[in-house]
Structures are given as C-alpha cells and as structure tokens.
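The structure file target_30.tsv is reproduced below (TSV, C-alpha atoms).
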```
chain	number	residue	atom	x	y	z
A	1	MET	CA	-111.00	-62.23	-52.89
A	2	ALA	CA	-109.01	-62.53	-49.68
A	3	LYS	CA	-106.04	-60.22	-49.34
A	4	GLU	CA	-102.99	-60.89	-47.28
A	5	VAL	CA	-101.99	-58.20	-44.83
A	6	PHE	CA	-98.49	-58.07	-43.42
A	7	ILE	CA	-97.72	-56.19	-40.24
A	8	SER	CA	-94.12	-55.81	-39.30
A	9	TYR	CA	-93.01	-56.24	-35.71
A	10	GLY	CA	-91.83	-52.64	-35.74
A	11	SER	CA	-95.34	-51.32	-36.38
A	12	THR	CA	-96.93	-49.22	-33.69
A	13	TYR	CA	-100.03	-50.41	-31.93
A	14	ARG	CA	-102.11	-47.74	-33.76
A	15	GLU	CA	-100.78	-48.85	-37.14
A	16	ARG	CA	-101.68	-52.46	-36.42
A	17	ILE	CA	-105.21	-51.51	-35.25
A	18	PHE	CA	-105.68	-49.32	-38.35
A	19	VAL	CA	-104.61	-52.15	-40.68
A	20	CYS	CA	-106.96	-54.58	-38.92
A	21	LEU	CA	-109.91	-52.16	-39.11
A	22	ALA	CA	-109.20	-51.47	-42.77
A	23	ALA	CA	-109.15	-55.21	-43.50
A	24	VAL	CA	-112.52	-55.64	-41.75
A	25	ALA	CA	-114.01	-52.74	-43.73
A	26	VAL	CA	-112.84	-54.28	-47.02
A	27	ALA	CA	-114.33	-57.64	-46.04
A	28	ILE	CA	-117.68	-56.08	-45.11
A	29	ALA	CA	-117.81	-54.11	-48.37
A	30	ALA	CA	-117.16	-57.30	-50.36
A	31	VAL	CA	-120.10	-59.08	-48.68
A	32	ARG	CA	-122.61	-56.21	-48.67
A	33	ALA	CA	-125.05	-56.28	-51.58
A	34	GLU	CA	-125.38	-53.19	-53.73
A	35	LYS	CA	-128.68	-51.32	-53.53
A	36	PHE	CA	-130.23	-49.41	-56.41
A	37	SER	CA	-133.65	-48.16	-57.38
A	38	ALA	CA	-135.82	-48.05	-60.49
A	39	GLY	CA	-139.27	-46.51	-60.68
A	40	GLY	CA	-139.29	-45.72	-56.96
A	41	ILE	CA	-138.63	-49.35	-56.01
A	42	SER	CA	-135.47	-50.10	-54.05
A	43	PHE	CA	-133.74	-53.33	-55.06
A	44	GLU	CA	-130.80	-55.21	-53.56
A	45	GLU	CA	-128.49	-56.84	-56.10
A	46	PRO	CA	-128.12	-60.61	-55.70
A	47	LYS	CA	-124.58	-61.56	-54.62
A	48	SER	CA	-123.97	-63.65	-57.76
A	49	TRP	CA	-124.59	-60.64	-60.05
A	50	GLN	CA	-121.90	-58.21	-61.14
A	51	THR	CA	-122.76	-54.52	-61.47
A	52	GLN	CA	-122.05	-52.98	-64.86
A	53	LYS	CA	-122.27	-49.44	-66.14
A	54	PRO	CA	-125.53	-49.17	-68.11
A	55	SER	CA	-124.74	-49.23	-71.85
A	56	SER	CA	-127.66	-46.90	-72.61
A	57	SER	CA	-129.31	-43.94	-70.90
A	58	MET	CA	-132.59	-45.90	-71.10
A	59	ARG	CA	-131.21	-48.50	-68.68
A	60	LYS	CA	-131.64	-47.73	-64.99
A	61	ALA	CA	-129.32	-50.58	-63.95
A	62	GLN	CA	-127.34	-53.33	-65.68
A	63	PHE	CA	-125.73	-56.54	-64.41
A	64	ALA	CA	-123.85	-59.60	-65.63
A	65	ILE	CA	-124.33	-63.11	-64.31
A	66	LYS	CA	-121.27	-65.25	-64.98
A	67	GLY	CA	-121.63	-68.93	-65.76
A	68	LYS	CA	-119.19	-71.68	-64.86
A	69	ASP	CA	-118.19	-71.99	-68.52
A	70	GLY	CA	-117.05	-68.36	-68.80
A	71	LYS	CA	-120.21	-67.25	-70.61
A	72	SER	CA	-122.50	-64.66	-69.09
A	73	ALA	CA	-126.07	-63.43	-69.10
A	74	GLU	CA	-127.20	-59.81	-69.00
A	75	VAL	CA	-129.85	-58.34	-66.69
A	76	VAL	CA	-131.20	-54.86	-67.41
A	77	PHE	CA	-133.72	-52.65	-65.60
A	78	PHE	CA	-135.89	-50.09	-67.39
A	79	HIS	CA	-138.39	-47.51	-66.14
A	80	PHE	CA	-140.09	-45.05	-68.48
A	81	GLY	CA	-142.65	-43.50	-66.13
A	82	PRO	CA	-146.43	-43.98	-66.02
A	83	GLY	CA	-147.71	-45.51	-69.25
A	84	GLY	CA	-144.22	-45.58	-70.76
A	85	ALA	CA	-143.19	-48.38	-73.16
A	86	GLY	CA	-146.72	-49.75	-73.55
A	87	GLY	CA	-148.50	-52.28	-71.40
A	88	VAL	CA	-147.61	-55.75	-70.22
A	89	ALA	CA	-148.95	-57.58	-73.31
A	90	ALA	CA	-147.09	-55.29	-75.73
A	91	ASN	CA	-143.78	-55.82	-73.90
A	92	VAL	CA	-144.21	-59.59	-73.62
A	93	LYS	CA	-144.91	-59.69	-77.38
A	94	ARG	CA	-141.85	-57.49	-78.08
A	95	TRP	CA	-139.57	-59.65	-75.92
A	96	LEU	CA	-140.74	-62.89	-77.53
A	97	GLY	CA	-140.32	-61.23	-80.94
A	98	GLN	CA	-136.60	-60.87	-80.23
A	99	PHE	CA	-136.19	-64.59	-80.83
A	100	LYS	CA	-135.65	-66.14	-84.25
A	101	GLU	CA	-138.36	-68.76	-83.72
A	102	PRO	CA	-142.06	-67.88	-83.64
A	103	ALA	CA	-143.45	-67.31	-80.15
A	104	ASP	CA	-145.36	-70.61	-80.19
A	105	GLN	CA	-142.05	-72.52	-80.48
A	106	LEU	CA	-140.29	-70.88	-77.51
A	107	ASN	CA	-141.89	-72.84	-74.66
A	108	ALA	CA	-142.88	-69.39	-73.44
A	109	LYS	CA	-144.69	-69.10	-70.13
A	110	THR	CA	-146.27	-66.08	-68.50
A	111	VAL	CA	-147.03	-66.15	-64.77
A	112	ILE	CA	-148.78	-63.33	-62.93
A	113	GLU	CA	-148.33	-62.92	-59.17
A	114	THR	CA	-149.38	-60.31	-56.67
A	115	ILE	CA	-146.75	-59.37	-54.11
A	116	ASN	CA	-147.84	-57.06	-51.30
A	117	GLY	CA	-150.63	-55.67	-53.51
A	118	THR	CA	-148.38	-55.15	-56.56
A	119	LYS	CA	-148.95	-57.07	-59.80
A	120	VAL	CA	-145.80	-58.78	-61.12
A	121	THR	CA	-145.66	-60.56	-64.49
A	122	TYR	CA	-142.89	-63.10	-65.15
A	123	VAL	CA	-142.12	-64.30	-68.69
A	124	THR	CA	-139.78	-67.14	-69.63
A	125	ALA	CA	-138.76	-68.42	-73.06
A	126	VAL	CA	-135.99	-70.49	-74.66
A	127	GLY	CA	-134.75	-70.30	-78.24
A	128	THR	CA	-132.39	-68.45	-80.58
A	129	PHE	CA	-132.15	-64.90	-79.25
A	130	MET	CA	-131.40	-62.27	-81.89
A	131	LYS	CA	-128.87	-60.14	-80.01
A	132	GLY	CA	-128.54	-56.52	-81.08
A	133	PRO	CA	-130.36	-53.19	-80.93
A	134	PRO	CA	-134.07	-53.68	-80.15
A	135	PHE	CA	-135.24	-51.54	-83.07
A	136	GLY	CA	-133.34	-52.14	-86.31
A	137	GLY	CA	-129.62	-52.66	-86.75
A	138	ASN	CA	-127.66	-55.87	-87.18
A	139	LYS	CA	-128.72	-58.83	-85.09
A	140	VAL	CA	-126.60	-61.86	-84.20
A	141	PRO	CA	-128.39	-65.19	-83.60
A	142	VAL	CA	-127.50	-66.76	-80.24
A	143	PRO	CA	-128.87	-70.33	-80.01
A	144	ASN	CA	-129.82	-71.96	-76.69
A	145	SER	CA	-130.69	-68.63	-75.13
A	146	GLY	CA	-133.13	-67.97	-72.35
A	147	LEU	CA	-135.28	-65.01	-71.40
A	148	LEU	CA	-136.52	-64.19	-67.93
A	149	GLY	CA	-138.58	-61.04	-68.11
A	150	THR	CA	-140.28	-59.32	-65.21
A	151	ILE	CA	-142.76	-56.48	-65.32
A	152	ILE	CA	-143.63	-54.84	-62.00
A	153	ASP	CA	-146.71	-52.60	-62.05
A	154	GLY	CA	-145.18	-49.97	-59.77
A	155	LYS	CA	-146.85	-46.83	-58.43
A	156	GLN	CA	-144.55	-44.64	-60.56
A	157	GLY	CA	-145.09	-46.76	-63.68
A	158	ALA	CA	-143.94	-50.21	-64.73
A	159	VAL	CA	-140.41	-51.43	-64.00
A	160	PHE	CA	-139.14	-53.81	-66.67
A	161	ILE	CA	-136.42	-56.34	-65.85
A	162	LYS	CA	-135.06	-58.38	-68.73
A	163	ALA	CA	-132.49	-61.14	-68.29
A	164	THR	CA	-131.12	-62.79	-71.45
A	165	GLY	CA	-128.25	-65.15	-72.08
A	166	PRO	CA	-127.39	-68.85	-72.07
A	167	LYS	CA	-130.51	-70.77	-71.00
A	168	THR	CA	-128.67	-72.57	-68.19
A	169	ILE	CA	-127.57	-69.28	-66.61
A	170	ILE	CA	-131.03	-67.74	-67.00
A	171	LYS	CA	-132.67	-70.78	-65.40
A	172	SER	CA	-130.23	-70.69	-62.48
A	173	ALA	CA	-130.84	-66.93	-62.00
A	174	GLU	CA	-134.62	-67.25	-61.74
A	175	LYS	CA	-134.66	-67.95	-57.98
A	176	ASP	CA	-132.39	-64.95	-57.19
A	177	LEU	CA	-134.37	-62.59	-59.43
A	178	LYS	CA	-137.71	-63.59	-57.93
A	179	ALA	CA	-136.33	-63.31	-54.39
A	180	MET	CA	-134.94	-59.83	-55.18
A	181	VAL	CA	-138.31	-58.67	-56.55
A	182	SER	CA	-140.24	-60.16	-53.62
A	183	LYS	CA	-137.92	-58.53	-51.07
A	184	ALA	CA	-138.15	-55.14	-52.82
A	185	LEU	CA	-141.97	-55.21	-52.84
A	186	LYS	CA	-142.31	-56.35	-49.23
A	187	LYS	CA	-140.54	-53.26	-47.86
```

Can you dump the structure from the file as structure tokens?
Amino acid sequence: MAKEVFISYGSTYRERIFVCLAAVAVAIAAVRAEKFSAGGISFEEPKSWQTQKPSSSMRKAQFAIKGKDGKSAEVVFFHFGPGGAGGVAANVKRWLGQFKEPADQLNAKTVIETINGTKVTYVTAVGTFMKGPPFGGNKVPVPNSGLLGTIIDGKQGAVFIKATGPKTIIKSAEKDLKAMVSKALKK
C-alpha cells in the first residue's frame, strides 16, 4: 500500500513540506481502524477486515475477510431494537438451520460469557452452509463452511454478529472478533 512520492529539486520548501505531511496523513489513515456502532455499542473494525457497503437495510455493518486462497468470509451486524428478531435460542436455531446438515451434525458449540456485565453468546458450527436469502429464495450449498455467531445482550436490544464463509477463514477470524467485542464492551 506504499506510494512513491517524487519531489523535484525545483520544488519550494512549502511544497516539499506539504507533500511530506500529505504522505504522513495517508499512512495514518491506512493504519487507523474504522469505527462504527450498532445498537448503541461502538466497535472498532479489526485490521484484517475490509469494510463493505451493507447489501441490505437490515444490516448495520458488513465486512469481508479475505483468505490466502482468494476466497472470503462475510461478517454482518444486525440490530433490531429491544426484543427484535427473537431471543438468543431462536437465533441460534435459525443460524444452525441455515446449514444443509441437521444441527446435531455440525459440531455446533454455544459459549456464554459475561463481559463488563453484558451477556455475550458465541455460536460456532461447521458444515454445508446454504447461501442465499434467509427466508425463501434459491439457496446454494457451500461445503466446508463455518459459522461464528455472536449475540450481545445490549442495553438497546441485542446486537447480532454473524460471520460465515470457508471454515478456515472463520476459525482464523475468531480471535479478532472476540477481541473486538471485548474491547467494545469494556469502554
């Protein structure tokens, strides 16, 4: 991401200073993590994630995580307000139901933590993810997929974070996602 900057010997001192300051500003912007919020919780995007324009008005934020093989995983944030989208159990069941295999064949795990007084539920699963609209529509089977779901019981209602994609990318993203959630709740 480095850019070469050429300054001619005929440049004035002010022009050279301006070019140097501009180069520093570009470098700082490239390193600074993006901040966003969902459900009144302020998050800081992990550096390995790429911001995307949400593909639906229901999505509060959307990211891609690129793998070394050119494939990518998707991370989406939802917030529907207090009581919106059902409770934790209903959403875990819905997420696991988006796989071709029955839930008992997904090596699914649910872990509940409390971070700074806030309940956080993490869900992981591996199987054939049926990619497509969540309610009806054509679905495309994607084998060897992973799910890392997070439900934060926020003061303004639950915040749902759902990461899906190749299981290797999802597994490698788990540490960053959990660190992001922990940092957001410790503010």

Original post:
Could you pull the residues within 9 Å of region 109-124 of chain A, counting all atoms listed in the file, minus those fewer than 6 positions along the same chain, as a VMD selection string?
Top reply: chain A and resid 88 92 95 146 to 155 178 181 to 182 185 to 187

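Residues with at least one atom no more than 12 Å from (-121.8, -64.2, -66.8), using only C-alpha atoms, are Ser48, Trp49, Gln50, Thr51, Gln52, Phe63, Ala64, Ile65, Lys66, Gly67, Lys68, Asp69, Gly70, Lys71, Ser72, Ala73, Glu74, Val75, Ala163, Thr164, Gly165, Pro166, Lys167, Thr168, Ile169, Ile170, Ser172 and Ala173 of chain A.
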
Serialized selection, C-alpha atoms, as a CSV table (one decimal), in the frame of the given file:
```csv
chain,number,residue,atom,x,y,z
A,48,SER,CA,-124.0,-63.6,-57.8
A,49,TRP,CA,-124.6,-60.6,-60.0
A,50,GLN,CA,-121.9,-58.2,-61.1
A,51,THR,CA,-122.8,-54.5,-61.5
A,52,GLN,CA,-122.0,-53.0,-64.9
A,63,PHE,CA,-125.7,-56.5,-64.4
A,64,ALA,CA,-123.8,-59.6,-65.6
A,65,ILE,CA,-124.3,-63.1,-64.3
A,66,LYS,CA,-121.3,-65.2,-65.0
A,67,GLY,CA,-121.6,-68.9,-65.8
A,68,LYS,CA,-119.2,-71.7,-64.9
A,69,ASP,CA,-118.2,-72.0,-68.5
A,70,GLY,CA,-117.0,-68.4,-68.8
A,71,LYS,CA,-120.2,-67.2,-70.6
A,72,SER,CA,-122.5,-64.7,-69.1
A,73,ALA,CA,-126.1,-63.4,-69.1
A,74,GLU,CA,-127.2,-59.8,-69.0
A,75,VAL,CA,-129.8,-58.3,-66.7
A,163,ALA,CA,-132.5,-61.1,-68.3
A,164,THR,CA,-131.1,-62.8,-71.4
A,165,GLY,CA,-128.2,-65.2,-72.1
A,166,PRO,CA,-127.4,-68.8,-72.1
A,167,LYS,CA,-130.5,-70.8,-71.0
A,168,THR,CA,-128.7,-72.6,-68.2
A,169,ILE,CA,-127.6,-69.3,-66.6
A,170,ILE,CA,-131.0,-67.7,-67.0
A,172,SER,CA,-130.2,-70.7,-62.5
A,173,ALA,CA,-130.8,-66.9,-62.0
```

**OP:** Quote the spacing between CA of Ala90 (chain A) and CA of Asp176 (chain A) in Å to one decimal place.
**Re:**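 CA of Ala90 (chain A) sits 25.6 Å away from CA of Asp176 (chain A).
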
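Distances from A:Val76, A:Ala158, A:Leu106, A:Ala184 to Ser56 (chain A) were compared using only C-alpha atoms, and the smallest one belongs to A:Val76.
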
Original post:
Counting only C-alpha atoms, which of A:Ile41, A:Met180, A:Phe80, A:Ala108 gets nearest to Ser57 (chain A)?
Top reply: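 Closest to Ser57 (chain A), using only C-alpha atoms: A:Phe80.
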
Quick one: axis-aligned box around all listed atoms of region 69-78 of chain A, 6 Å on every side, centre and edge lengths in Å to one decimal, written as JSON.
```
{"center_x": -126.5, "center_y": -61.0, "center_z": -68.1, "size_x": 30.8, "size_y": 33.9, "size_z": 17.0}
```

Original post:
Just how far from CA of Gly97 (chain A) is CA of Pro134 (chain A), in Å to one decimal?
Top reply: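 So the answer is 9.8 Å.
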
**OP:** Select, from A:Ile161, A:Asn138, A:Lys47, A:Gly87, the residue with the minimum atom-to-atom distance to Lys60 (chain A), counting only C-alpha atoms.
**Re:**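 Ranked by minimum distance to Lys60 (chain A), first place goes to A:Ile161.
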
**OP:** Rounded to one decimal place, report the CA of Phe135 (chain A)-CA of Ser55 (chain A) distance in Å.
**Re:**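 About the pair CA of Phe135 (chain A) and CA of Ser55 (chain A): they are 15.5 Å apart.
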
**OP:** Find the residues around Lys139 (chain A) up to 6 Å (only C-alpha atoms counted), leave out those fewer than 3 positions away in its own chain, and share them as number ranges by chain.
**Re:** A: 130-132

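Checking A:Lys171, A:Gln105, A:Val126, A:Phe99 one by one against Pro141 (chain A), counting all atoms listed in the file, you find the shortest gap at A:Phe99.
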
**OP:** Name the closest residue to Pro82 (chain A) among the candidates A:Ala125, A:Glu34, A:Gly39, A:Ala179; distances are taken between atoms, counting all atoms listed in the file.
**Re:** A:Gly39
